[in-house]
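Engineer: Structure supplied as entry04.cif; contents: mmCIF, C-alpha atoms.
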```cif
data_final
#
loop_
_atom_site.label_atom_id
_atom_site.label_comp_id
_atom_site.auth_asym_id
_atom_site.auth_seq_id
_atom_site.Cartn_x
_atom_site.Cartn_y
_atom_site.Cartn_z
CA MET A 1 -9.13 1.89 23.88
CA VAL A 2 -9.36 -1.38 25.72
CA GLN A 3 -7.27 -1.24 28.85
CA PRO A 4 -4.74 -4.06 29.05
CA GLU A 5 -5.40 -6.72 31.58
CA ARG A 6 -3.41 -6.34 34.79
CA GLU A 7 -2.49 -9.30 36.87
CA SER A 8 0.11 -10.59 39.25
CA PHE A 9 2.49 -13.01 37.69
CA VAL A 10 4.21 -16.04 39.02
CA GLY A 11 6.73 -18.07 37.02
CA SER A 12 10.33 -17.35 37.88
CA TYR A 13 9.59 -14.34 40.09
CA PRO A 14 9.33 -14.37 43.85
CA ALA A 15 5.69 -14.46 44.94
CA SER A 16 6.25 -11.21 46.82
CA GLU A 17 6.99 -9.30 43.58
CA LYS A 18 3.90 -7.78 42.04
CA GLY A 19 3.99 -7.15 38.35
CA GLU A 20 1.95 -6.39 35.32
CA THR A 21 1.18 -8.46 32.24
CA LEU A 22 0.68 -6.81 28.85
CA ARG A 23 -0.32 -8.33 25.55
CA LEU A 24 1.10 -6.81 22.41
CA ARG A 25 -1.19 -7.79 19.59
CA PHE A 26 -0.53 -7.98 15.88
CA ALA A 27 -3.23 -9.51 13.66
CA SER A 28 -3.91 -13.03 14.93
CA HIS A 29 -0.83 -13.15 17.17
CA TYR A 30 0.23 -11.62 20.45
CA VAL A 31 3.29 -11.43 22.66
CA THR A 32 2.85 -11.67 26.42
CA ILE A 33 5.06 -9.39 28.50
CA SER A 34 5.35 -9.86 32.25
CA SER A 35 7.14 -7.05 33.97
CA SER A 36 8.04 -6.23 37.56
CA SER A 37 9.49 -2.87 36.53
CA PRO A 38 6.93 -0.05 36.40
CA GLU A 39 9.52 2.20 34.72
CA VAL A 40 10.23 -0.22 31.87
CA THR A 41 6.53 -1.05 31.53
CA ALA A 42 5.59 2.63 31.29
CA ASP A 43 8.25 3.33 28.67
CA PHE A 44 7.29 0.26 26.63
CA ARG A 45 3.60 1.04 26.95
CA SER A 46 4.12 4.56 25.61
CA SER A 47 5.61 3.07 22.42
CA VAL A 48 2.90 0.50 21.76
CA GLU A 49 -0.23 1.76 23.55
CA LEU A 50 -2.38 1.35 20.44
CA MET A 51 -1.30 -2.28 20.05
CA LEU A 52 -2.01 -3.44 23.59
CA GLU A 53 -5.10 -5.55 24.04
CA SER A 54 -6.44 -7.73 26.78
CA ARG A 55 -8.35 -10.27 24.69
CA LEU A 56 -6.93 -13.76 24.80
CA ASP A 57 -7.91 -15.15 21.41
CA GLY A 58 -5.25 -15.80 18.82
CA THR A 59 -1.85 -17.42 18.93
CA CYS A 60 0.86 -16.59 21.42
CA ALA A 61 4.05 -15.69 19.51
CA GLY A 62 6.12 -15.87 22.68
CA LYS A 63 6.61 -14.58 26.19
CA LEU A 64 8.99 -11.97 27.52
CA GLN A 65 9.81 -11.07 31.10
CA VAL A 66 11.26 -7.96 32.66
CA THR A 67 12.74 -7.86 36.15
CA ALA A 68 14.19 -4.99 38.12
CA ARG A 69 16.50 -5.52 41.06
CA THR A 70 18.70 -2.94 42.73
CA GLY A 71 18.90 -0.71 39.70
CA THR A 72 19.46 -3.51 37.23
CA PHE A 73 16.87 -4.25 34.57
CA ARG A 74 16.72 -7.65 32.87
CA VAL A 75 14.80 -8.64 29.77
CA LEU A 76 14.33 -12.38 29.30
CA GLY A 77 13.00 -14.15 26.23
CA PRO A 78 12.42 -17.71 25.04
CA ALA A 79 16.08 -18.14 24.02
CA ALA A 80 19.11 -17.71 26.26
CA SER A 81 20.53 -15.31 23.66
CA ASP A 82 17.54 -13.01 24.25
CA ALA A 83 18.72 -12.21 27.78
CA TYR A 84 19.70 -8.59 28.25
CA GLU A 85 20.77 -6.67 31.32
CA CYS A 86 21.36 -2.96 31.79
CA ASP A 87 20.95 -0.15 34.33
CA ASP A 88 18.85 2.12 32.10
CA PRO A 89 15.07 1.53 32.03
CA GLU A 90 14.76 3.27 28.65
CA ALA A 91 17.36 0.96 27.11
CA ALA A 92 15.58 -2.03 28.66
CA ALA A 93 12.24 -0.88 27.23
CA ASN A 94 13.87 -0.45 23.84
CA ARG A 95 15.30 -3.97 24.06
CA LEU A 96 11.91 -5.29 25.14
CA PHE A 97 10.28 -3.61 22.15
CA HIS A 98 12.73 -5.14 19.69
CA ALA A 99 12.48 -8.57 21.33
CA ALA A 100 8.69 -8.43 20.96
CA ILE A 101 8.97 -7.42 17.30
CA LYS A 102 11.40 -10.29 16.72
CA LEU A 103 8.90 -12.77 18.14
CA LEU A 104 6.12 -11.41 15.94
CA MET A 105 8.38 -11.50 12.88
CA ALA A 106 9.26 -15.13 13.60
CA ALA A 107 5.60 -16.03 14.13
CA ARG A 108 4.56 -14.32 10.89
CA SER A 109 7.48 -15.16 8.65
CA ASP A 110 4.95 -15.56 5.84
CA LEU A 111 4.73 -11.76 5.71
CA LEU A 112 7.18 -9.18 4.40
CA TRP A 113 8.57 -6.91 7.14
CA ILE A 114 9.67 -3.63 5.59
CA HIS A 115 11.12 -0.54 7.25
CA GLY A 116 8.53 2.02 6.30
CA GLY A 117 5.71 4.29 7.34
CA VAL A 118 2.18 3.54 6.22
CA ALA A 119 -0.93 5.69 5.92
CA ALA A 120 -4.22 4.87 4.21
CA ARG A 121 -7.14 6.66 2.68
CA ALA A 122 -10.39 5.21 1.36
CA ARG A 123 -9.15 1.76 2.40
CA ARG A 124 -5.99 1.90 0.28
CA ALA A 125 -2.53 2.35 1.75
CA MET A 126 0.61 4.15 0.69
CA LEU A 127 3.94 2.81 1.91
CA LEU A 128 6.68 5.35 2.59
CA CYS A 129 10.05 3.63 2.72
CA GLY A 130 13.48 5.05 3.38
CA THR A 131 16.44 5.08 5.67
CA SER A 132 16.37 6.83 9.02
CA GLY A 133 16.11 10.57 8.41
CA ALA A 134 14.38 10.21 5.02
CA GLY A 135 11.21 11.68 6.51
CA LYS A 136 8.89 8.67 6.85
CA SER A 137 7.38 9.83 10.13
CA THR A 138 7.18 13.46 9.03
CA LEU A 139 5.29 12.52 5.87
CA VAL A 140 3.02 10.06 7.69
CA ALA A 141 2.18 12.87 10.13
CA ALA A 142 1.54 15.26 7.21
CA LEU A 143 -0.84 12.74 5.63
CA LEU A 144 -2.66 12.19 8.93
CA ALA A 145 -3.17 15.94 9.15
CA ARG A 146 -4.97 15.62 5.79
CA GLY A 147 -7.35 13.01 7.20
CA TRP A 148 -5.49 9.84 6.25
CA THR A 149 -5.64 6.83 8.58
CA TYR A 150 -2.59 5.83 10.60
CA PHE A 151 -1.11 2.39 9.98
CA SER A 152 2.51 2.56 11.03
CA ASP A 153 5.55 4.69 11.60
CA GLU A 154 8.30 2.09 11.23
CA PHE A 155 6.93 -1.28 10.21
CA ALA A 156 5.18 -1.90 6.92
CA VAL A 157 3.99 -5.48 7.37
CA VAL A 158 2.86 -6.75 4.01
CA ASP A 159 1.05 -9.87 2.85
CA PRO A 160 2.52 -10.42 -0.63
CA ARG A 161 -0.20 -12.92 -1.58
CA THR A 162 -2.95 -10.34 -1.30
CA ALA A 163 -0.84 -7.15 -1.76
CA THR A 164 -2.26 -5.82 1.50
CA VAL A 165 -0.59 -4.13 4.48
CA PHE A 166 -1.46 -4.64 8.14
CA PRO A 167 -1.79 -1.90 10.75
CA PHE A 168 1.23 -1.81 13.06
CA PRO A 169 0.48 1.39 14.96
CA ILE A 170 3.43 2.02 17.24
CA ALA A 171 3.64 5.53 18.68
CA LEU A 172 4.30 8.14 16.02
CA TYR A 173 7.16 10.57 16.62
CA LYS A 174 8.44 13.09 14.12
CA ARG A 175 11.52 15.25 14.12
CA VAL A 176 11.04 19.00 14.40
CA SER A 177 13.23 21.69 12.90
CA ASN A 178 15.18 23.93 15.23
CA GLY A 179 14.74 26.79 12.75
CA GLN A 180 18.24 26.52 11.38
CA SER A 181 19.03 25.18 7.94
CA LEU A 182 20.83 21.86 7.95
CA ALA A 183 24.39 21.79 6.68
CA LYS A 184 24.04 18.17 5.64
CA VAL A 185 21.29 15.56 5.52
CA GLU A 186 22.85 13.52 8.35
CA ASP A 187 22.29 16.49 10.71
CA ILE A 188 18.60 15.61 10.69
CA GLN A 189 19.42 12.83 13.18
CA GLN A 190 20.29 15.49 15.76
CA LEU A 191 16.86 17.14 15.64
CA PRO A 192 14.52 16.51 18.58
CA LYS A 193 11.47 14.26 18.15
CA ILE A 194 7.96 15.09 19.25
CA PHE A 195 5.07 12.71 19.85
CA ILE A 196 2.15 12.94 17.43
CA GLU A 197 -1.12 12.15 19.14
CA THR A 198 -3.09 9.62 17.10
CA PRO A 199 -6.66 9.05 18.29
CA ALA A 200 -7.77 5.42 18.23
CA HIS A 201 -10.51 6.17 15.68
CA ALA A 202 -7.87 7.39 13.21
CA VAL A 203 -5.94 4.11 13.34
CA GLY A 204 -6.33 1.29 10.80
CA ARG A 205 -8.20 -1.77 12.08
CA GLY A 206 -7.29 -4.42 9.55
CA PRO A 207 -5.27 -5.06 6.40
CA VAL A 208 -6.01 -2.92 3.33
CA PRO A 209 -4.76 -3.13 -0.28
CA ILE A 210 -1.53 -1.28 -1.07
CA GLY A 211 -2.12 1.58 -3.50
CA GLY A 212 1.55 2.40 -4.01
CA VAL A 213 5.03 2.63 -2.56
CA PHE A 214 7.27 5.69 -2.34
CA PHE A 215 10.99 5.44 -1.69
CA LEU A 216 11.83 8.68 0.08
CA SER A 217 14.86 10.86 -0.18
CA TYR A 218 15.11 14.06 1.84
CA THR A 219 17.03 16.62 -0.23
CA PRO A 220 17.25 19.90 1.74
CA ARG A 221 18.19 22.04 -1.25
CA ALA A 222 15.67 20.59 -3.72
CA GLU A 223 13.43 23.30 -5.13
CA VAL A 224 10.67 21.02 -6.31
CA VAL A 225 9.38 17.59 -5.39
CA GLN A 226 10.66 15.01 -7.82
CA VAL A 227 8.78 11.78 -8.45
CA VAL A 228 10.43 9.18 -10.69
CA ASP A 229 8.53 5.97 -11.37
CA CYS A 230 10.34 2.70 -10.69
CA SER A 231 10.05 -0.38 -12.85
CA PRO A 232 8.75 -3.40 -10.90
CA ALA A 233 12.28 -4.85 -10.68
CA GLU A 234 13.69 -1.53 -9.44
CA GLY A 235 10.89 -1.50 -6.90
CA VAL A 236 11.98 -4.95 -5.70
CA LEU A 237 15.56 -3.75 -5.20
CA GLU A 238 14.41 -0.67 -3.29
CA MET A 239 12.15 -2.79 -1.09
CA LEU A 240 15.08 -5.12 -0.40
CA LYS A 241 17.14 -2.16 0.87
CA ASN A 242 14.39 -1.52 3.40
CA SER A 243 13.77 -5.13 4.34
CA LEU A 244 13.88 -6.08 8.01
CA SER A 245 14.11 -9.80 7.27
CA THR A 246 17.32 -11.68 7.79
CA ALA A 247 19.53 -12.98 5.00
CA PRO A 248 18.75 -16.74 5.24
CA ALA A 249 15.27 -16.12 3.91
CA ARG A 250 16.40 -13.70 1.20
CA GLU A 251 15.68 -15.87 -1.84
CA GLN A 252 12.12 -16.55 -0.79
CA GLU A 253 11.72 -12.89 0.11
CA ILE A 254 12.84 -11.83 -3.38
CA ARG A 255 10.26 -14.12 -4.98
CA ARG A 256 7.57 -12.64 -2.73
CA LEU A 257 8.70 -9.10 -3.52
CA CYS A 258 8.65 -9.85 -7.26
CA ASP A 259 5.09 -11.08 -6.89
CA LEU A 260 4.13 -7.98 -4.90
CA MET A 261 5.86 -5.36 -7.04
CA SER A 262 4.39 -6.76 -10.26
CA ARG A 263 1.04 -5.60 -8.87
CA VAL A 264 1.92 -2.45 -6.91
CA PRO A 265 3.25 0.78 -8.50
CA SER A 266 6.30 2.41 -6.92
CA ALA A 267 8.30 5.60 -7.32
CA ARG A 268 11.29 7.44 -5.88
CA LEU A 269 10.29 10.71 -4.27
CA SER A 270 12.82 13.38 -3.33
CA TYR A 271 11.73 16.51 -1.53
CA ALA A 272 12.72 19.34 0.75
CA HIS A 273 9.39 20.27 2.32
CA ALA A 274 6.95 17.77 3.83
CA ARG A 275 3.92 19.80 2.81
CA ASP A 276 4.90 19.76 -0.88
CA ALA A 277 5.68 16.05 -0.73
CA SER A 278 2.38 15.19 0.95
CA ASP A 279 0.61 17.28 -1.74
CA ARG A 280 2.19 15.08 -4.40
CA ILE A 281 1.38 11.85 -2.57
CA ASP A 282 -2.20 13.01 -2.09
CA ALA A 283 -2.50 13.98 -5.77
CA ARG A 284 -1.01 10.70 -6.97
CA PHE A 285 -3.35 8.80 -4.69
CA ALA A 286 -6.34 10.69 -6.09
CA ARG A 287 -5.20 9.91 -9.66
CA SER A 288 -4.74 6.22 -8.96
CA GLN A 289 -8.08 6.17 -7.15
CA SER A 290 -9.79 7.67 -10.22
CA ALA A 291 -8.06 5.13 -12.45
CA SER A 292 -9.21 2.26 -10.21
CA LEU A 293 -12.76 3.57 -10.20
CA ALA A 294 -12.70 3.86 -14.00
CA VAL A 295 -11.49 0.26 -14.30
CA ALA A 296 -14.18 -0.92 -11.87
CA GLN A 297 -16.83 1.02 -13.80
CA SER A 298 -15.72 -0.44 -17.15
CA ARG A 299 -15.85 -3.94 -15.63
CA ARG A 300 -19.38 -3.27 -14.41
CA ASP A 301 -20.32 -1.96 -17.86
CA GLY A 302 -19.16 -5.25 -19.29
CA MET B 1 37.11 -7.80 -19.32
CA VAL B 2 35.42 -10.48 -21.38
CA ASP B 3 37.57 -12.18 -24.05
CA THR B 4 36.10 -12.95 -27.47
CA ARG B 5 36.74 -16.68 -26.86
CA ASP B 6 34.98 -16.64 -23.49
CA LYS B 7 31.73 -18.50 -23.11
CA PRO B 8 29.98 -16.72 -20.24
CA ARG B 9 27.79 -18.80 -17.92
CA GLN B 10 25.55 -17.87 -15.03
CA SER B 11 27.44 -18.21 -11.75
CA PRO B 12 26.44 -21.22 -9.65
CA GLY B 13 24.11 -20.41 -6.79
CA VAL B 14 22.80 -17.23 -8.37
CA VAL B 15 19.03 -16.99 -8.05
CA SER B 16 16.83 -15.24 -10.59
CA SER B 17 13.22 -14.27 -10.20
CA GLU B 18 10.94 -12.86 -12.88
CA VAL B 19 8.91 -9.72 -12.35
CA LEU B 20 6.80 -9.02 -15.45
CA ASP B 21 9.32 -8.61 -18.31
CA GLU B 22 12.29 -7.97 -16.02
CA ILE B 23 14.42 -10.19 -13.82
CA VAL B 24 15.84 -9.69 -10.34
CA ILE B 25 19.07 -11.61 -9.81
CA TYR B 26 20.41 -12.33 -6.35
CA CYS B 27 23.85 -13.64 -5.52
CA PRO B 28 23.82 -15.28 -2.05
CA GLY B 29 27.62 -15.21 -1.94
CA THR B 30 27.84 -11.44 -2.13
CA SER B 31 24.28 -10.68 -0.89
CA LYS B 32 23.95 -8.41 -3.93
CA ALA B 33 20.82 -8.11 -6.02
CA VAL B 34 20.43 -6.44 -9.38
CA SER B 35 17.59 -5.90 -11.78
CA LEU B 36 17.78 -6.60 -15.50
CA ASN B 37 15.51 -4.99 -18.06
CA ALA B 38 14.02 -6.98 -20.93
CA SER B 39 17.11 -6.55 -23.19
CA ALA B 40 19.55 -7.57 -20.45
CA CYS B 41 17.28 -10.51 -19.59
CA ALA B 42 17.65 -11.82 -23.16
CA ILE B 43 21.45 -11.67 -22.85
CA TRP B 44 21.41 -13.22 -19.35
CA GLU B 45 19.36 -16.18 -20.53
CA LEU B 46 21.86 -16.92 -23.30
CA CYS B 47 24.81 -16.97 -20.88
CA ASP B 48 24.75 -20.75 -20.47
CA GLY B 49 28.43 -21.58 -21.07
CA THR B 50 27.90 -22.73 -24.66
CA ARG B 51 28.01 -19.39 -26.49
CA THR B 52 30.65 -16.70 -27.01
CA VAL B 53 29.62 -13.04 -27.07
CA ASP B 54 29.62 -13.29 -30.89
CA ASP B 55 27.26 -16.27 -30.68
CA ILE B 56 24.95 -14.34 -28.37
CA CYS B 57 24.92 -11.42 -30.82
CA THR B 58 24.02 -13.80 -33.64
CA GLU B 59 21.19 -15.34 -31.58
CA LEU B 60 19.78 -11.92 -30.73
CA SER B 61 20.18 -10.37 -34.16
CA GLY B 62 16.98 -12.01 -35.47
CA PRO B 63 14.62 -10.80 -32.74
CA ALA B 64 16.37 -7.40 -32.64
CA GLY B 65 16.22 -6.97 -36.43
CA LEU B 66 19.85 -5.84 -36.50
CA PRO B 67 23.05 -7.39 -37.82
CA PRO B 68 25.18 -9.08 -35.11
CA ASN B 69 28.01 -6.54 -35.37
CA LYS B 70 25.61 -3.73 -34.49
CA LEU B 71 24.78 -5.52 -31.23
CA TYR B 72 28.33 -6.38 -30.22
CA GLU B 73 29.07 -3.27 -28.17
CA ASP B 74 25.85 -3.50 -26.12
CA VAL B 75 26.09 -7.25 -25.57
CA SER B 76 29.77 -7.15 -24.69
CA GLY B 77 29.13 -4.25 -22.27
CA ALA B 78 26.25 -6.08 -20.61
CA VAL B 79 28.25 -9.31 -20.25
CA SER B 80 31.21 -7.38 -18.78
CA HIS B 81 28.88 -5.67 -16.32
CA LEU B 82 27.31 -8.97 -15.23
CA TYR B 83 30.82 -10.39 -14.82
CA GLU B 84 31.91 -7.45 -12.65
CA LEU B 85 28.86 -8.02 -10.46
CA GLY B 86 29.86 -11.65 -9.99
CA LEU B 87 26.71 -12.92 -11.67
CA ILE B 88 28.43 -14.77 -14.49
CA ASP B 89 31.68 -16.66 -14.88
CA CYS B 90 33.79 -16.18 -17.97
CA GLY B 91 36.32 -18.44 -19.61
CA PRO B 92 36.52 -20.91 -22.47
CA ALA B 93 34.08 -23.76 -22.03
#
```
How would this structure read if it were set down as structure tokens?

Structural biologist:
Amino acid sequence: MVQPERESFVGSYPASEKGETLRLRFASHYVTISSSSPEVTADFRSSVELMLESRLDGTCAGKLQVTARTGTFRVLGPAASDAYECDDPEAAANRLFHAAIKLLMAARSDLLWIHGGVAARARRAMLLCGTSGAGKSTLVAALLARGWTYFSDEFAVVDPRTATVFPFPIALYKRVSNGQSLAKVEDIQQLPKIFIETPAHAVGRGPVPIGGVFFLSYTPRAEVVQVVDCSPAEGVLEMLKNSLSTAPAREQEIRRLCDLMSRVPSARLSYAHARDASDRIDARFARSQSASLAVAQSRRDG
Amino acid sequence: MVDTRDKPRQSPGVVSSEVLDEIVIYCPGTSKAVSLNASACAIWELCDGTRTVDDICTELSGPAGLPPNKLYEDVSGAVSHLYELGLIDCGPA
């Protein structure tokens, strides 16, 4: 892991205030964050440690600043509307995180930004999409335990032209059961989260082709894992439900999704136990891998 | 409910995008999107404000290999559904 560059900053801060500058990198872009709050910096860093880099090449997507004065934390961005003030360092770090994501999304509006977990094996990725509580992080963690490579917990950033997905390796947290059965699915939100350690060597380094997309549904009382294939158009609608893009760009996004989903298989997956679900994802991946190899072999054979 | 004299037409502003043999239709006004399978696509494309439901059935009877009256229930149901979703306007031309 390359340690992020540390430096004093100037700009709008008094010269007496020492701070730290971080660079959050995504593909060819980065966001520069200057902070005079060690608490906010530490919290932010813990969320994006694997995405911090000191190298200066690439394009700056924007700059953010954090100040701390007498118990008040301020996050400042390029626009006046980005300004945020609160007395909780965790809330400020959370705001900082989302402001940084917003800058990257604006800088790479050519990509599709989907709410989803991503894991890869043999240089092909599976996207796991679903609402909060559907089990994205739990299933990503289950796949990592099987030797898959970590790409993302929350952000599936897709290039529709090449049907590839980029690594966006924010810190992976999964919910853990308290041993009691859940009365309703929404109760899952109350469960505590634990951090899943992801060594740098197990993290994706560059974009890889998408092997498939699963739209997850956690069904506590389901006895078996159910996988129902989606037609390409159904896949587009499911992807739209999980889109992080804003409405003004919706028409263009739909065209991009149509292009993507005509090339990428998708299915709805409902499950009660992460292990069973990851078995099915693993098995489906192996099947599609065999099919791809057979196609490649037949092409070679002429 | 679609009247027999109605000539359904695609609502203005609605955007359609092909994905293999299906279509995804998006209505910016309602921010709703729906998918149409190949059969519904054929009906959608004929909703141009010049044909009644009967006319659409007649147009589709050749490719479907069925008499128009056998298609009426499905076509009428599909047109009503598209109307309820705000994707087509109905009314005499």

Engineer: Could you tell me which residues of chain A sit within 10 Å of chain B when counting all atoms listed in the file, and give me the result as an mmCIF file with C-alpha atoms, keeping the file's coordinate frame?

Structural biologist:
```
data_model
loop_
_atom_site.group_PDB
_atom_site.id
_atom_site.type_symbol
_atom_site.label_atom_id
_atom_site.label_comp_id
_atom_site.auth_asym_id
_atom_site.auth_seq_id
_atom_site.Cartn_x
_atom_site.Cartn_y
_atom_site.Cartn_z
ATOM 1 C CA SER A 231 10.050 -0.380 -12.850
ATOM 2 C CA PRO A 232 8.750 -3.400 -10.900
ATOM 3 C CA ALA A 233 12.280 -4.850 -10.680
ATOM 4 C CA GLU A 234 13.690 -1.530 -9.440
ATOM 5 C CA GLY A 235 10.890 -1.500 -6.900
ATOM 6 C CA VAL A 236 11.980 -4.950 -5.700
ATOM 7 C CA LEU A 237 15.560 -3.750 -5.200
ATOM 8 C CA LEU A 240 15.080 -5.120 -0.400
ATOM 9 C CA LYS A 241 17.140 -2.160 0.870
ATOM 10 C CA ALA A 247 19.530 -12.980 5.000
ATOM 11 C CA PRO A 248 18.750 -16.740 5.240
ATOM 12 C CA ARG A 250 16.400 -13.700 1.200
ATOM 13 C CA GLU A 251 15.680 -15.870 -1.840
ATOM 14 C CA GLN A 252 12.120 -16.550 -0.790
ATOM 15 C CA ILE A 254 12.840 -11.830 -3.380
ATOM 16 C CA ARG A 255 10.260 -14.120 -4.980
ATOM 17 C CA ARG A 256 7.570 -12.640 -2.730
ATOM 18 C CA LEU A 257 8.700 -9.100 -3.520
ATOM 19 C CA CYS A 258 8.650 -9.850 -7.260
ATOM 20 C CA ASP A 259 5.090 -11.080 -6.890
ATOM 21 C CA LEU A 260 4.130 -7.980 -4.900
ATOM 22 C CA MET A 261 5.860 -5.360 -7.040
ATOM 23 C CA SER A 262 4.390 -6.760 -10.260
ATOM 24 C CA ARG A 263 1.040 -5.600 -8.870
#
```

Engineer: Under the rule that only C-alpha atoms are counted, which of A:Arg175, A:Arg221, A:Arg205, A:Lys136 is the nearest residue to Ser278 in chain A?

Structural biologist: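 Smallest distance to Ser278 in chain A is found for A:Lys136.
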
Engineer: For range 17-30 of chain A, find every residue with an atom within 9 Å (counting all atoms listed in the file), except residues of its own chain fewer than 5 positions away, and show them as number ranges by chain.

Structural biologist: A: 4-10, 35-38, 41, 45, 48-49, 51-62, 100, 104, 107-108, 166-168, 206-207

Engineer: With C-alpha atoms retained, export the selected residues as a compact mmCIF listing (two decimals), in the frame of the given file.

Structural biologist:
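Result saved to again_7.txt:
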```txt
# COMPACT_ATOMS: atom_id res chain seq x y z
CA PRO A 4 -4.74 -4.06 29.05
CA GLU A 5 -5.40 -6.72 31.58
CA ARG A 6 -3.41 -6.34 34.79
CA GLU A 7 -2.49 -9.30 36.87
CA SER A 8 0.11 -10.59 39.25
CA PHE A 9 2.49 -13.01 37.69
CA VAL A 10 4.21 -16.04 39.02
CA SER A 35 7.14 -7.05 33.97
CA SER A 36 8.04 -6.23 37.56
CA SER A 37 9.49 -2.87 36.53
CA PRO A 38 6.93 -0.05 36.40
CA THR A 41 6.53 -1.05 31.53
CA ARG A 45 3.60 1.04 26.95
CA VAL A 48 2.90 0.50 21.76
CA GLU A 49 -0.23 1.76 23.55
CA MET A 51 -1.30 -2.28 20.05
CA LEU A 52 -2.01 -3.44 23.59
CA GLU A 53 -5.10 -5.55 24.04
CA SER A 54 -6.44 -7.73 26.78
CA ARG A 55 -8.35 -10.27 24.69
CA LEU A 56 -6.93 -13.76 24.80
CA ASP A 57 -7.91 -15.15 21.41
CA GLY A 58 -5.25 -15.80 18.82
CA THR A 59 -1.85 -17.42 18.93
CA CYS A 60 0.86 -16.59 21.42
CA ALA A 61 4.05 -15.69 19.51
CA GLY A 62 6.12 -15.87 22.68
CA ALA A 100 8.69 -8.43 20.96
CA LEU A 104 6.12 -11.41 15.94
CA ALA A 107 5.60 -16.03 14.13
CA ARG A 108 4.56 -14.32 10.89
CA PHE A 166 -1.46 -4.64 8.14
CA PRO A 167 -1.79 -1.90 10.75
CA PHE A 168 1.23 -1.81 13.06
CA GLY A 206 -7.29 -4.42 9.55
CA PRO A 207 -5.27 -5.06 6.40
```

Engineer: Give as JSON, numbers by chain each residue that has an atom at most 10 Å from (33.0, -17.8, -19.2) in the file, counting all atoms listed in the file.

Structural biologist: {"B": [2, 3, 5, 6, 7, 8, 9, 10, 11, 47, 48, 49, 50, 51, 52, 53, 79, 83, 88, 89, 90, 91, 92, 93]}

Engineer: For this structure, which residues satisfy the selection - the PyMOL selection byres ((chain A and resi 284-294) around 9) - when it is evaluated on the file as given? I want them as a list of chain:residue names.

Structural biologist: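 Those residues are A:Arg121, A:Ala122, A:Arg124, A:Met126, A:Gly211, A:Gly212, A:Asp279, A:Arg280, A:Ile281, A:Asp282, A:Ala283, A:Val295, A:Ala296, A:Gln297, A:Ser298, A:Arg299.
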
Engineer: Please compute the CA of Asp153 in chain A-CA of Ala93 in chain A distance, one decimal, in Å.

Structural biologist: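 The value is 17.9 Å.
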
Engineer: Can you measure CA of Ala277 in chain A to CA of Ser46 in chain A for me? One decimal in Å is fine.

Structural biologist: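 Going from CA of Ala277 in chain A over to CA of Ser46 in chain A, I get 28.8 Å.
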
Engineer: For the structure shown, which residues end up in the PyMOL selection byres ((chain A and resi 73) around 8)? Put them as a tab-separated table (two decimals) with C-alpha atoms, keeping the file's coordinate frame, please?

Structural biologist:
```tsv
chain	number	residue	atom	x	y	z
A	37	SER	CA	9.49	-2.87	36.53
A	66	VAL	CA	11.26	-7.96	32.66
A	67	THR	CA	12.74	-7.86	36.15
A	68	ALA	CA	14.19	-4.99	38.12
A	69	ARG	CA	16.50	-5.52	41.06
A	71	GLY	CA	18.90	-0.71	39.70
A	72	THR	CA	19.46	-3.51	37.23
A	74	ARG	CA	16.72	-7.65	32.87
A	75	VAL	CA	14.80	-8.64	29.77
A	85	GLU	CA	20.77	-6.67	31.32
A	86	CYS	CA	21.36	-2.96	31.79
A	87	ASP	CA	20.95	-0.15	34.33
A	88	ASP	CA	18.85	2.12	32.10
A	89	PRO	CA	15.07	1.53	32.03
A	92	ALA	CA	15.58	-2.03	28.66
```

Engineer: To one decimal place, how far is CA of Leu143 in chain A from CA of Gly117 in chain A in Å?

Structural biologist: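 So the answer is 10.8 Å.
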